[in-house]
Every structure is written in structure tokens, then in C-alpha cells.
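Student: File model.json follows (JSON, C-alpha atoms):
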```
[["chain", "number", "residue", "atom", "x", "y", "z"],
["A", 627, "MET", "CA", -27.69, 6.20, -13.18],
["A", 628, "THR", "CA", -24.63, 4.17, -12.28],
["A", 629, "ALA", "CA", -23.18, 1.21, -14.10],
["A", 630, "PRO", "CA", -23.60, -2.21, -12.48],
["A", 631, "HIS", "CA", -21.30, -2.34, -9.51],
["A", 632, "THR", "CA", -19.54, -5.55, -10.36],
["A", 633, "ARG", "CA", -18.71, -4.49, -13.91],
["A", 634, "HIS", "CA", -15.54, -2.80, -12.85],
["A", 635, "ARG", "CA", -13.09, -2.43, -15.72],
["A", 636, "ILE", "CA", -10.19, -3.71, -13.64],
["A", 637, "VAL", "CA", -11.87, -7.08, -12.99],
["A", 638, "PRO", "CA", -11.78, -8.54, -16.53],
["A", 639, "ILE", "CA", -8.20, -7.28, -16.96],
["A", 640, "PHE", "CA", -7.18, -8.95, -13.73],
["A", 641, "LEU", "CA", -8.95, -12.18, -14.65],
["A", 642, "ALA", "CA", -7.04, -12.24, -17.94],
["A", 643, "VAL", "CA", -3.78, -11.82, -16.02],
["A", 644, "ILE", "CA", -4.77, -14.69, -13.75],
["A", 645, "ALA", "CA", -5.56, -16.94, -16.71],
["A", 646, "ALA", "CA", -2.13, -16.19, -18.21],
["A", 647, "SER", "CA", -0.46, -16.76, -14.86],
["A", 648, "VAL", "CA", -2.16, -20.12, -14.29],
["A", 649, "THR", "CA", -1.23, -21.26, -17.77],
["A", 650, "ARG", "CA", 2.41, -20.29, -17.34],
["A", 651, "THR", "CA", 3.13, -21.24, -13.75],
["A", 652, "PHE", "CA", 0.75, -23.82, -12.32],
["A", 653, "ALA", "CA", 2.16, -26.96, -13.93],
["A", 654, "PRO", "CA", 5.87, -26.11, -13.35],
["A", 655, "VAL", "CA", 5.19, -25.08, -9.76],
["A", 656, "ALA", "CA", 3.00, -28.11, -9.04],
["A", 657, "ALA", "CA", 5.96, -30.25, -10.10],
["A", 658, "LEU", "CA", 7.96, -28.67, -7.26],
["A", 659, "TRP", "CA", 5.32, -29.50, -4.64],
["A", 660, "SER", "CA", 5.20, -32.69, -2.63],
["A", 661, "TRP", "CA", 2.89, -34.06, 0.04],
["A", 662, "SER", "CA", 5.53, -33.30, 2.66],
["A", 663, "THR", "CA", 5.97, -29.64, 1.66],
["A", 664, "LEU", "CA", 2.43, -28.75, 0.60],
["A", 665, "PRO", "CA", 1.24, -28.00, 4.18],
["A", 666, "PHE", "CA", 4.09, -25.49, 4.51],
["A", 667, "PHE", "CA", 2.97, -23.70, 1.34],
["A", 668, "VAL", "CA", -0.66, -23.63, 2.45],
["A", 669, "ALA", "CA", 0.35, -22.24, 5.84],
["A", 670, "ALA", "CA", 2.55, -19.64, 4.15],
["A", 671, "GLY", "CA", -0.34, -18.55, 1.92],
["A", 672, "LEU", "CA", -2.64, -18.15, 4.91],
["A", 673, "LEU", "CA", -0.02, -16.14, 6.80],
["A", 674, "TYR", "CA", 0.51, -13.87, 3.81],
["A", 675, "LEU", "CA", -3.23, -13.36, 3.50],
["A", 676, "LEU", "CA", -3.34, -12.46, 7.21],
["A", 677, "ALA", "CA", -0.55, -9.92, 6.67],
["A", 678, "HIS", "CA", -2.58, -8.28, 3.89],
["A", 679, "ALA", "CA", -5.70, -8.30, 6.05],
["A", 680, "MET", "CA", -3.71, -6.28, 8.59],
["A", 681, "ARG", "CA", -2.49, -3.99, 5.80],
["A", 682, "ALA", "CA", -6.12, -3.51, 4.83],
["A", 683, "ALA", "CA", -6.98, -2.59, 8.42],
["A", 684, "ARG", "CA", -4.09, -0.10, 8.50],
["A", 685, "LEU", "CA", -5.24, 1.55, 5.29],
["A", 686, "ALA", "CA", -8.81, 1.69, 6.61],
["A", 687, "VAL", "CA", -7.77, 3.40, 9.84],
["A", 688, "ILE", "CA", -5.92, 6.02, 7.77],
["A", 689, "ALA", "CA", -8.60, 6.44, 5.09],
["A", 690, "MET", "CA", -11.48, 6.91, 7.53],
["A", 691, "PRO", "CA", -10.34, 10.32, 8.86],
["A", 692, "MET", "CA", -8.56, 11.39, 5.67],
["A", 693, "LEU", "CA", -11.25, 10.53, 3.11],
["A", 694, "GLY", "CA", -14.38, 9.87, 5.13],
["A", 695, "LEU", "CA", -14.56, 6.24, 3.96],
["A", 696, "SER", "CA", -16.10, 3.53, 6.08],
["A", 697, "PHE", "CA", -13.76, 0.92, 7.57],
["A", 698, "ARG", "CA", -15.37, -1.86, 5.54],
["A", 699, "THR", "CA", -15.03, -0.08, 2.20],
["A", 700, "ALA", "CA", -11.38, 0.84, 2.74],
["A", 701, "PHE", "CA", -10.64, -2.69, 3.96],
["A", 702, "LEU", "CA", -12.22, -4.24, 0.86],
["A", 703, "LEU", "CA", -10.48, -1.69, -1.36],
["A", 704, "HIS", "CA", -7.08, -2.94, -0.23],
["A", 705, "LEU", "CA", -7.96, -6.61, -0.75],
["A", 706, "PHE", "CA", -9.37, -5.73, -4.17],
["A", 707, "VAL", "CA", -6.09, -4.12, -5.25],
["A", 708, "ALA", "CA", -3.61, -6.30, -3.30],
["A", 709, "PRO", "CA", -3.02, -9.04, -5.95],
["A", 710, "TRP", "CA", -1.70, -6.43, -8.36],
["A", 711, "SER", "CA", 1.32, -5.99, -6.08],
["A", 712, "LEU", "CA", 2.56, -9.37, -7.32],
["A", 713, "VAL", "CA", 1.95, -8.86, -11.03],
["A", 714, "MET", "CA", 2.88, -5.20, -11.61],
["A", 715, "PRO", "CA", 6.57, -4.15, -11.70],
["A", 716, "PHE", "CA", 8.11, -1.13, -9.96],
["A", 717, "LYS", "CA", 5.25, -0.82, -7.43],
["A", 718, "LEU", "CA", 2.88, 0.38, -10.14],
["A", 719, "ASP", "CA", 0.07, -1.26, -8.19],
["A", 720, "GLU", "CA", 0.18, 1.84, -5.99],
["A", 721, "ALA", "CA", -1.23, 3.79, -8.94],
["A", 722, "VAL", "CA", -4.24, 1.45, -8.95],
["A", 723, "ARG", "CA", -4.63, 1.90, -5.19],
["A", 724, "LEU", "CA", -4.40, 5.68, -5.55],
["A", 725, "TYR", "CA", -7.05, 5.71, -8.26],
["A", 726, "GLU", "CA", -9.42, 3.59, -6.18],
["A", 727, "LEU", "CA", -8.92, 5.80, -3.12],
["A", 728, "HIS", "CA", -9.58, 8.86, -5.27],
["A", 729, "TYR", "CA", -12.66, 7.37, -6.94],
["A", 730, "THR", "CA", -14.21, 6.15, -3.71],
["A", 731, "GLY", "CA", -13.14, 9.11, -1.57],
["A", 732, "LYS", "CA", -13.75, 11.78, -4.26],
["A", 733, "SER", "CA", -10.40, 13.54, -3.68],
["A", 734, "TRP", "CA", -7.06, 13.09, -5.43],
["A", 735, "SER", "CA", -5.11, 15.12, -2.89],
["A", 736, "ARG", "CA", -6.47, 13.40, 0.21],
["A", 737, "ALA", "CA", -6.13, 10.00, -1.47],
["A", 738, "LEU", "CA", -2.46, 10.74, -2.18],
["A", 739, "VAL", "CA", -1.75, 11.82, 1.40],
["A", 740, "ALA", "CA", -3.54, 8.73, 2.78],
["A", 741, "LEU", "CA", -1.45, 6.50, 0.52],
["A", 742, "LEU", "CA", 1.79, 8.27, 1.47],
["A", 743, "ILE", "CA", 0.99, 7.85, 5.18],
["A", 744, "ASP", "CA", 0.28, 4.17, 4.65],
["A", 745, "ARG", "CA", 3.55, 3.55, 2.81],
["A", 746, "SER", "CA", 5.67, 5.70, 5.15],
["A", 747, "MET", "CA", 4.80, 3.41, 8.06],
["A", 748, "ASP", "CA", 7.13, 0.74, 6.64],
["A", 749, "GLY", "CA", 10.27, 2.90, 6.61],
["A", 750, "LEU", "CA", 11.75, 2.00, 9.99],
["A", 751, "VAL", "CA", 11.00, -1.71, 9.49],
["A", 752, "LEU", "CA", 12.86, -1.72, 6.17],
["A", 753, "LEU", "CA", 15.83, -0.01, 7.82],
["A", 754, "GLY", "CA", 15.80, -2.74, 10.47],
["A", 755, "PHE", "CA", 15.79, -5.43, 7.79],
["A", 756, "ALA", "CA", 18.69, -3.70, 6.01],
["A", 757, "LEU", "CA", 20.68, -3.73, 9.25],
["A", 758, "ALA", "CA", 19.91, -7.44, 9.73],
["A", 759, "LEU", "CA", 21.21, -8.19, 6.22],
["A", 760, "LEU", "CA", 24.34, -6.13, 6.84],
["A", 761, "LEU", "CA", 25.11, -7.93, 10.10],
["A", 762, "SER", "CA", 24.55, -11.33, 8.47],
["A", 763, "GLY", "CA", 26.92, -10.57, 5.60],
["A", 764, "ARG", "CA", 24.17, -10.53, 2.94],
["A", 765, "ALA", "CA", 24.93, -7.06, 1.64],
["A", 766, "GLY", "CA", 23.72, -7.71, -1.90],
["A", 767, "ASN", "CA", 20.17, -6.41, -1.39],
["A", 768, "MET", "CA", 20.96, -4.35, 1.69],
["A", 769, "MET", "CA", 21.62, -1.04, -0.07],
["A", 770, "LEU", "CA", 18.33, -1.01, -1.99],
["A", 771, "LEU", "CA", 16.42, -1.90, 1.16],
["A", 772, "ALA", "CA", 18.23, 0.80, 3.13],
["A", 773, "LEU", "CA", 17.45, 3.43, 0.50],
["A", 774, "ALA", "CA", 13.77, 2.47, 0.53],
["A", 775, "GLY", "CA", 13.74, 2.62, 4.32],
["A", 776, "VAL", "CA", 15.45, 6.02, 4.41],
["A", 777, "GLY", "CA", 13.08, 7.38, 1.75],
["A", 778, "LEU", "CA", 9.94, 6.23, 3.54],
["A", 779, "THR", "CA", 11.21, 7.44, 6.91],
["A", 780, "ALA", "CA", 12.07, 10.82, 5.38],
["A", 781, "LEU", "CA", 8.54, 10.96, 3.97],
["A", 782, "LEU", "CA", 7.12, 10.47, 7.45],
["A", 783, "VAL", "CA", 9.35, 13.26, 8.79],
["A", 784, "LEU", "CA", 8.25, 15.58, 5.98],
["A", 785, "LEU", "CA", 4.60, 15.01, 6.82],
["A", 786, "PHE", "CA", 5.34, 16.53, 10.23],
["A", 787, "THR", "CA", 7.76, 19.31, 9.25],
["A", 788, "LEU", "CA", 6.36, 20.66, 5.97],
["A", 789, "PRO", "CA", 3.22, 22.25, 7.51],
["A", 790, "VAL", "CA", 5.43, 24.41, 9.74],
["A", 791, "LEU", "CA", 7.54, 25.50, 6.77],
["A", 792, "LEU", "CA", 4.45, 26.20, 4.65],
["A", 793, "GLU", "CA", 2.94, 28.35, 7.40],
["A", 794, "ALA", "CA", 6.14, 30.39, 7.53],
["A", 795, "ILE", "CA", 5.98, 30.82, 3.75],
["A", 796, "GLN", "CA", 2.35, 31.93, 4.01],
["A", 797, "SER", "CA", 3.20, 34.52, 6.65],
["A", 798, "TYR", "CA", 6.05, 35.88, 4.53],
["A", 799, "ILE", "CA", 3.86, 36.19, 1.41],
["A", 800, "PHE", "CA", 1.06, 37.80, 3.42],
["A", 801, "GLN", "CA", 3.38, 40.41, 4.90],
["A", 802, "HIS", "CA", 5.55, 41.25, 1.88],
["A", 803, "HIS", "CA", 3.61, 40.59, -1.32],
["A", 804, "TYR", "CA", 0.35, 41.95, -2.70],
["A", 805, "GLY", "CA", -1.74, 41.50, -5.80],
["A", 806, "PRO", "CA", -3.81, 38.76, -7.45],
["A", 807, "ARG", "CA", -0.83, 36.50, -8.11],
["A", 808, "ALA", "CA", 0.30, 36.60, -4.47],
["A", 809, "LEU", "CA", -3.25, 35.81, -3.36],
["A", 810, "ARG", "CA", -3.42, 32.77, -5.67],
["A", 811, "VAL", "CA", -0.08, 31.49, -4.36],
["A", 812, "LEU", "CA", -1.20, 32.11, -0.79],
["A", 813, "ARG", "CA", -4.37, 30.10, -1.29],
["A", 814, "ALA", "CA", -2.47, 27.21, -2.92],
["A", 815, "VAL", "CA", 0.09, 27.09, -0.10],
["A", 816, "ASP", "CA", -2.70, 27.31, 2.49],
["A", 817, "TYR", "CA", -4.55, 24.39, 0.88],
["A", 818, "LEU", "CA", -1.40, 22.26, 0.85],
["A", 819, "ARG", "CA", -0.62, 23.17, 4.46],
["A", 820, "ARG", "CA", -4.10, 22.23, 5.67],
["A", 821, "LEU", "CA", -3.93, 18.98, 3.69],
["A", 822, "LEU", "CA", -0.64, 18.02, 5.33],
["A", 823, "MET", "CA", -2.00, 19.07, 8.71],
["A", 824, "SER", "CA", -4.82, 16.59, 8.15],
["A", 825, "GLY", "CA", -2.26, 13.88, 7.48],
["A", 826, "ARG", "CA", -0.29, 14.82, 10.57],
["A", 827, "ALA", "CA", -3.43, 14.78, 12.71],
["A", 828, "THR", "CA", -4.31, 11.33, 11.36],
["A", 829, "ILE", "CA", -0.89, 9.95, 12.30],
["A", 830, "ARG", "CA", -1.02, 11.48, 15.78],
["A", 831, "ARG", "CA", -4.48, 10.12, 16.55],
["A", 832, "THR", "CA", -3.67, 6.62, 15.35],
["A", 833, "ALA", "CA", 0.08, 6.44, 16.09],
["A", 834, "LEU", "CA", -0.05, 3.56, 18.57],
["A", 835, "PHE", "CA", -2.29, 1.44, 16.35],
["A", 836, "LEU", "CA", -0.19, 2.18, 13.25],
["A", 837, "ALA", "CA", 3.04, 1.25, 15.04],
["A", 838, "ILE", "CA", 1.66, -2.02, 16.42],
["A", 839, "ILE", "CA", -0.10, -3.11, 13.23],
["A", 840, "THR", "CA", 2.96, -2.31, 11.10],
["A", 841, "ALA", "CA", 5.19, -4.45, 13.32],
["A", 842, "CYS", "CA", 2.64, -7.28, 13.17],
["A", 843, "ILE", "CA", 2.35, -7.03, 9.38],
["A", 844, "TRP", "CA", 6.05, -7.53, 8.84],
["A", 845, "ILE", "CA", 6.40, -10.24, 11.49],
["A", 846, "VAL", "CA", 3.60, -12.26, 9.88],
["A", 847, "GLU", "CA", 4.87, -11.66, 6.34],
["A", 848, "LEU", "CA", 8.38, -12.69, 7.35],
["A", 849, "ALA", "CA", 6.91, -15.78, 9.01],
["A", 850, "ALA", "CA", 5.14, -16.63, 5.72],
["A", 851, "VAL", "CA", 8.43, -16.41, 3.81],
["A", 852, "ALA", "CA", 10.28, -18.37, 6.49],
["A", 853, "THR", "CA", 7.64, -21.11, 6.34],
["A", 854, "VAL", "CA", 8.24, -21.68, 2.62],
["A", 855, "LEU", "CA", 11.99, -21.46, 3.11],
["A", 856, "ALA", "CA", 11.85, -24.00, 5.94],
["A", 857, "ALA", "CA", 10.18, -26.49, 3.58],
["A", 858, "LEU", "CA", 12.92, -26.03, 1.01],
["A", 859, "ASP", "CA", 15.93, -25.52, 3.26],
["A", 860, "PRO", "CA", 15.53, -26.45, 6.96],
["A", 861, "ALA", "CA", 18.88, -24.80, 7.74],
["A", 862, "ALA", "CA", 17.75, -21.38, 6.46],
["A", 863, "SER", "CA", 18.13, -18.32, 8.70],
["A", 864, "ILE", "CA", 16.04, -15.24, 9.33],
["A", 865, "ALA", "CA", 18.47, -13.24, 7.20],
["A", 866, "GLY", "CA", 17.87, -15.77, 4.42],
["A", 867, "ALA", "CA", 14.13, -15.23, 4.74],
["A", 868, "ILE", "CA", 14.58, -11.45, 4.52],
["A", 869, "ASP", "CA", 16.76, -11.89, 1.44],
["A", 870, "LEU", "CA", 14.19, -14.18, -0.20],
["A", 871, "MET", "CA", 11.45, -11.66, 0.60],
["A", 872, "LEU", "CA", 13.37, -9.03, -1.34],
["A", 873, "VAL", "CA", 14.07, -11.36, -4.25],
["A", 874, "ARG", "CA", 10.39, -12.28, -4.44],
["A", 875, "ALA", "CA", 9.36, -8.62, -4.43],
["A", 876, "ASP", "CA", 11.69, -7.96, -7.36],
["A", 877, "ILE", "CA", 10.98, -11.04, -9.47],
["A", 878, "SER", "CA", 7.33, -11.99, -8.81],
["A", 879, "TRP", "CA", 5.95, -10.04, -11.79],
["A", 880, "ARG", "CA", 8.43, -11.77, -14.10],
["A", 881, "ILE", "CA", 7.38, -15.13, -12.71],
["A", 882, "LEU", "CA", 3.64, -14.51, -13.02],
["A", 883, "LEU", "CA", 3.58, -12.53, -16.26],
["A", 884, "LEU", "CA", 6.61, -13.78, -18.18],
["A", 885, "GLY", "CA", 6.91, -17.32, -16.84],
["A", 886, "ASP", "CA", 10.43, -16.82, -15.44],
["A", 887, "LEU", "CA", 10.93, -19.94, -13.28],
["A", 888, "SER", "CA", 14.68, -19.62, -12.81],
["A", 889, "ARG", "CA", 14.49, -19.06, -9.04],
["A", 890, "ARG", "CA", 12.86, -22.07, -7.38],
["A", 891, "ALA", "CA", 12.16, -20.58, -3.95],
["A", 892, "ALA", "CA", 10.99, -17.24, -5.33],
["A", 893, "THR", "CA", 8.74, -19.04, -7.83],
["A", 894, "ILE", "CA", 7.00, -21.11, -5.17],
["A", 895, "LEU", "CA", 6.70, -18.08, -2.91],
["A", 896, "SER", "CA", 5.23, -15.83, -5.63],
["A", 897, "VAL", "CA", 2.69, -18.37, -6.86],
["A", 898, "THR", "CA", 1.66, -19.37, -3.33],
["A", 899, "PHE", "CA", 1.15, -15.74, -2.32],
["A", 900, "PHE", "CA", -0.66, -14.91, -5.54],
["A", 901, "TYR", "CA", -3.21, -17.69, -5.16],
["A", 902, "ALA", "CA", -3.75, -16.74, -1.50],
["A", 903, "LEU", "CA", -4.52, -13.13, -2.47],
["A", 904, "PHE", "CA", -6.69, -14.25, -5.36],
["A", 905, "ALA", "CA", -8.80, -16.32, -2.95],
["A", 906, "ALA", "CA", -9.53, -13.07, -1.09],
["A", 907, "PHE", "CA", -9.88, -11.07, -4.31],
["A", 908, "ILE", "CA", -12.95, -13.02, -5.49],
["A", 909, "PRO", "CA", -15.28, -12.06, -2.60],
["A", 910, "ALA", "CA", -13.57, -8.67, -2.13],
["A", 911, "ALA", "CA", -14.21, -7.70, -5.77],
["A", 912, "TRP", "CA", -17.90, -8.53, -5.45],
["A", 913, "LEU", "CA", -18.41, -6.80, -2.10],
["A", 914, "TYR", "CA", -16.26, -3.78, -2.93],
["A", 915, "GLY", "CA", -17.93, -3.40, -6.33],
["A", 916, "ARG", "CA", -21.32, -3.10, -4.62],
["A", 917, "ARG", "CA", -20.07, -0.35, -2.29],
["A", 918, "ARG", "CA", -17.65, 1.48, -4.61],
["A", 919, "ALA", "CA", -19.99, 3.72, -6.61],
["A", 920, "SER", "CA", -22.35, 4.54, -3.76],
["A", 921, "GLU", "CA", -20.06, 4.88, -0.74],
["A", 922, "PRO", "CA", -21.76, 7.28, 1.71],
["A", 923, "LEU", "CA", -18.85, 9.59, 2.47],
["A", 924, "ARG", "CA", -18.47, 11.03, 5.96],
["A", 925, "ALA", "CA", -16.86, 14.40, 6.52],
["A", 926, "PRO", "CA", -13.08, 13.89, 6.87],
["A", 927, "ALA", "CA", -12.24, 14.13, 10.55],
["A", 928, "ALA", "CA", -8.52, 14.83, 10.34],
["A", 929, "GLY", "CA", -7.16, 18.31, 10.75],
["A", 930, "ARG", "CA", -10.40, 20.27, 10.89],
["A", 931, "GLN", "CA", -9.36, 23.89, 11.27],
["A", 932, "ALA", "CA", -9.96, 27.28, 9.69],
["A", 933, "PRO", "CA", -7.67, 28.28, 6.83],
["A", 934, "LEU", "CA", -4.85, 30.60, 7.78],
["A", 935, "LEU", "CA", -6.38, 33.35, 5.63],
["A", 936, "GLN", "CA", -9.39, 33.35, 7.95],
["A", 937, "ARG", "CA", -7.28, 33.36, 11.10],
["A", 938, "LEU", "CA", -5.00, 36.26, 10.13]]
```
Re-express the file's structure as C-alpha cells.
Tutor:
Amino acid sequence: MTAPHTRHRIVPIFLAVIAASVTRTFAPVAALWSWSTLPFFVAAGLLYLLAHAMRAARLAVIAMPMLGLSFRTAFLLHLFVAPWSLVMPFKLDEAVRLYELHYTGKSWSRALVALLIDRSMDGLVLLGFALALLLSGRAGNMMLLALAGVGLTALLVLLFTLPVLLEAIQSYIFQHHYGPRALRVLRAVDYLRRLLMSGRATIRRTALFLAIITACIWIVELAAVATVLAALDPAASIAGAIDLMLVRADISWRILLLGDLSRRAATILSVTFFYALFAAFIPAAWLYGRRRASEPLRAPAAGRQAPLLQRL
């Protein structure tokens, strides 16, 4: 017998965070609004929500073959977790996303690979943003952005190269080592290799969609930031919007949780984006809660193949 679907432990915690955020930020931020700028902030919120809807679609396309989830469940899962990205520091919201993928897909390992694929898609875009900041003379945040881009791009490369290396390791162990311990290591390496092969197969089958949707995500998100910036500073540049995007990503949790209102543009951006995601969170929490405990899993489609031990 399952607990009521909507009584998810994360919901009351999140509602408490929202109450604290509203208390701390609404009045100071409302004082910064005006009738002339409010349409810009509403448009920015809608654009940011659209960007996360596309992120949800990207995660769903990855999670369907990797975990056997339905598109709708994976889509709702992302919208259910998305607001945490603005209130949790150091990308800890990814831990919530990983747990939800594991719980719904019934596999920690496949959930982790699905999440790594999803995040690795942003690597080349972040490198492009770092180059734009460098060329514009805004090198302050460029190094951190470049490191993130290099790390995510390297992760994508590893997803393609590690299975080959692991197969070579398996062959070496099979040919040169015997005994129970060698067999246990061989099975562990074989499981990891097949898991990564599943991830690689997922990327190959959906590569065009993932490339297009990732480009669209960042174009729309950058447009959302630029819309707010245009209301505050009509002379702002694209490089300025990229820089503000990075500042917002770093400071939003301090704004929403600690009431840090020292950065006017980042404050308006964080609160606007948070309320936009919360508007989607309300129906997503209800719909996802109904599907979460009873998701009818399909057999994962990615990388179906016999283990190496059976093929040798």
C-alpha cells in the first residue's frame, strides 16, 4: 500500500522555503518594479519558464531510453525539481533530481548516467559564453565559466571513450587473471561498461534533438536575462546579459534564502525566475505526485546487448 501521492516529503519543505522567500524578498523587489518595467519582468519570467520546459523535454528524451520512464513523467519530474535550482547553493538541486530519477526509474546507476548526459549537453555552450566574455573584456567570470564548460565537455567525451577502455580492461583480466576475485572485478567492469554503452547509445540516437534543444534552451534563457537587463539598462550588451546570468546563478540562493538584496539586477532576475518556476511547480507537483509511486516502467531501450562474459 503506497502513501498518498501528493504527500511527498519535499513539498512541505519547498513550501516553507517559498514562504520564507516571499517574506524576505517580495516587498523590497516590488519597490523596484514600475508600470513601465513590469511587462519586461513578466516576459522574462515566461521566457525562463519556456527554457525550463525545453530542459524538461531534453531530460525526458534522455530518461525514456535510459530508465524506461514515460515522457510525461520525466517532463513533470524536471518541473517539480526545477525551482530548487534557484534556492540551493553549489548545484545541490542536482542531488534532488538524481534522487527523483532513481526513485521513479528504480535505478541509481542509470539515473546517474541520465543526469550526467543531461548536464554534459551544456558544455560547449558554456565554452562559447566564456569566449564571448573574453572577447568583450569581461574576464571576471570567464575563467569559472570556461572551467565548467571544459568539465562538461570532457564528461561527454568520457561517455564515448570509457566503454572502449573498459572493454580492453575486461579482455586483459579475462586473459591473464583467474580466481573468484578476478571474476568479481570482471563482472563489475562489465556492468559499468554496459551502463556507459547505454548512455552512448542514447546520445547517438537523440544527438540531433539534443543539440537543437540545447541551443534553444540557452538562446531563450539568455533572452530572458536580456529582457530584464533591457528594462534596467537599455544600453546593455549581450556580454552584459551573459555576465548577469552568471551572477544570478551564483547569488540567487543568497537572495531567496538569506535576503541578500545588494545586487539590484540579480535580485529582480532571481525573484522573477523563481515565481515563474513556482507557477509551474504547483500543477507539476500535483501531477507528478500522482504518477511518481506507480510509474509503469518500460524496459530501457538504450544499449541492449549481451554482457561481454556471454560473448567471449
Student: In terms of the shortest atom-to-atom distance over all atoms listed in the file, which of A:Leu752, A:Val790, A:Val846, A:Leu809 is closest to Ala774 (chain A)?
Tutor: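 The answer is A:Leu752, which sits nearest to Ala774 (chain A).
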Student: Figure out the distance between CA of Glu921 (chain A) and CA of Thr730 (chain A), please, to one decimal in Å.
Tutor: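 About the pair CA of Thr730 (chain A) and CA of Glu921 (chain A): they are 6.7 Å apart.
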Student: Set the distance at 7 Å and use only C-alpha atoms: which residues neighbour Leu882 (chain A) once local chain neighbours fewer than 2 positions away are removed? I'd like the list as a JSON list (two decimals) with C-alpha atoms, in the frame of the given file.
Tutor:
```json
[["chain", "number", "residue", "atom", "x", "y", "z"],
["A", 647, "SER", "CA", -0.46, -16.76, -14.86],
["A", 651, "THR", "CA", 3.13, -21.24, -13.75],
["A", 713, "VAL", "CA", 1.95, -8.86, -11.03],
["A", 878, "SER", "CA", 7.33, -11.99, -8.81],
["A", 879, "TRP", "CA", 5.95, -10.04, -11.79],
["A", 880, "ARG", "CA", 8.43, -11.77, -14.10],
["A", 884, "LEU", "CA", 6.61, -13.78, -18.18],
["A", 885, "GLY", "CA", 6.91, -17.32, -16.84]]
```
Student: Between CA of Ala861 (chain A) and CA of Leu676 (chain A), what is the distance, to one decimal in Å?
Tutor: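 Interatomic distance, CA of Ala861 (chain A) to CA of Leu676 (chain A): 25.4 Å.
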Student: Taking into account all atoms listed in the file, which residue in the set A:Val854, A:Arg723, A:Arg917, A:Ala867 is nearest to Leu664 (chain A)?
Tutor: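 Distance minimum relative to Leu664 (chain A) lands on A:Val854.
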Student: Need to verify the contact set: Thr898 (chain A), 8 Å, all atoms listed in the file, exclusion of same-chain residues closer than 6 positions in sequence. Can you return it as a list in words?
Tutor: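 Answer for this query is Phe667, Val668, Ala670 and Gly671 of chain A.
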Student: Next, the residues of the selection above should be written as an mmCIF file, in the frame of the given file with C-alpha atoms.
Tutor:
```cif
data_model
loop_
_atom_site.group_PDB
_atom_site.id
_atom_site.type_symbol
_atom_site.label_atom_id
_atom_site.label_comp_id
_atom_site.auth_asym_id
_atom_site.auth_seq_id
_atom_site.Cartn_x
_atom_site.Cartn_y
_atom_site.Cartn_z
ATOM 1 C CA PHE A 667 2.970 -23.700 1.340
ATOM 2 C CA VAL A 668 -0.660 -23.630 2.450
ATOM 3 C CA ALA A 670 2.550 -19.640 4.150
ATOM 4 C CA GLY A 671 -0.340 -18.550 1.920
#
```
Student: From the options A:Leu791, A:Ala865, A:Ile743, A:Ala856, which residue's atoms come nearest to Val815 (chain A), counting all atoms listed in the file?
Tutor: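 Among the listed residues, A:Leu791 lies closest to Val815 (chain A).
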Student: Kindly indicate which residue among A:Ala850, A:Ala794, A:Ala677, A:Leu872 lies nearest to Met769 (chain A), using all atoms listed in the file for the distances.
Tutor: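 Among the listed residues, A:Leu872 lies closest to Met769 (chain A).
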Student: Rank nothing, just name the residue among A:Ile838, A:Leu855, A:Arg807, A:Arg916 nearest to Ile894 (chain A), using only C-alpha atoms.
Tutor: A:Leu855
Student: Return the single residue from A:Val783, A:Ala906, A:Leu812, A:Leu761 that is closest to Ile864 (chain A), with distances computed using all atoms listed in the file.
Tutor: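 Selected residue with least distance to Ile864 (chain A): A:Leu761.
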Student: Would you write out, as CSV, a table of all residues in region 881-912 of chain A that have an atom no more than 6 Å from an atom of region 697-708 of chain A, listing for each the closest atom pair and the distance in Å to one decimal, considering only C-alpha atoms and ordering rows by chain and rising residue number?
Tutor:
```
residue,atom,partner,partner_atom,distance
A:Phe907,CA,A:Phe706,CA,5.4
A:Ala910,CA,A:Leu702,CA,5.5
A:Ala911,CA,A:Phe706,CA,5.5
```
Student: Please produce an output containing C-alpha atoms for each residue in the selection, written as a PDB file, in the coordinates of the input.
Tutor:
```pdb
ATOM      1  CA  PHE A 907      -9.880 -11.070  -4.310  1.00  0.00           C
ATOM      2  CA  ALA A 910     -13.570  -8.670  -2.130  1.00  0.00           C
ATOM      3  CA  ALA A 911     -14.210  -7.700  -5.770  1.00  0.00           C
TER       4      ALA A 911
END
```
Student: Tell me which protein, DNA and RNA residues are within 8 Å of Leu675 (chain A), counting only C-alpha atoms, leaving out same-chain ones fewer than 3 positions away, and put them as a PyMOL selection string.
Tutor: chain A and resi 671-672+678-679+899+902-903+906
Student: Could you give me, as a list in words, the residues within 10 Å of Asp816 (chain A), counting only C-alpha atoms and dropping anything in the same chain fewer than 3 positions from it?
Tutor: Pro789, Leu792, Glu793, Ile795, Gln796, Arg810, Val811, Leu812, Arg813, Arg819, Arg820, Leu821, Leu822, Pro933, Leu934 and Leu935 of chain A
Student: Using Å and a single decimal, report how far CA of Ala827 (chain A) sits from CA of Met747 (chain A).
Tutor: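 CA of Met747 (chain A) sits 14.8 Å away from CA of Ala827 (chain A).
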Student: Counting all atoms listed in the file, find the residues whose atoms lie at most 12 Å from (4.5, 5.0, 1.5) (file coordinates) and write them out as JSON, numbers by chain.
Tutor: {"A": [685, 717, 720, 721, 723, 724, 738, 739, 740, 741, 742, 743, 744, 745, 746, 747, 748, 749, 750, 752, 774, 775, 776, 777, 778, 779, 780, 781, 782, 785]}
Student: With all atoms listed in the file as the counted atoms, please give the residues lying no more than 6 Å from Leu693 (chain A), apart from itself and same-chain residues fewer than 2 positions off, as a list in words.
Tutor: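 So the residues in contact are Ala689, Met690, Pro691, Leu695, Gly731 and Pro926 of chain A.
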Student: Mind dumping region 758-779 of chain A from that block, keeping C-alpha atoms, as a tab-separated table (two decimals), in the first residue's frame?
Tutor:
```tsv
chain	number	residue	atom	x	y	z
A	758	ALA	CA	32.15	35.88	-25.61
A	759	LEU	CA	33.07	37.28	-22.18
A	760	LEU	CA	36.77	37.12	-23.01
A	761	LEU	CA	36.30	38.99	-26.29
A	762	SER	CA	34.16	41.64	-24.58
A	763	GLY	CA	36.74	42.28	-21.88
A	764	ARG	CA	34.58	40.88	-19.05
A	765	ALA	CA	37.10	38.34	-17.85
A	766	GLY	CA	35.94	38.33	-14.23
A	767	ASN	CA	33.57	35.37	-14.54
A	768	MET	CA	35.12	33.95	-17.69
A	769	MET	CA	37.51	31.50	-16.02
A	770	LEU	CA	34.83	29.81	-13.90
A	771	LEU	CA	32.55	29.52	-16.92
A	772	ALA	CA	35.38	28.11	-19.03
A	773	LEU	CA	36.24	25.51	-16.39
A	774	ALA	CA	32.60	24.42	-16.18
A	775	GLY	CA	32.43	24.20	-19.96
A	776	VAL	CA	35.64	22.17	-20.20
A	777	GLY	CA	34.49	19.84	-17.43
A	778	LEU	CA	31.10	19.15	-19.00
A	779	THR	CA	32.61	18.71	-22.46
```
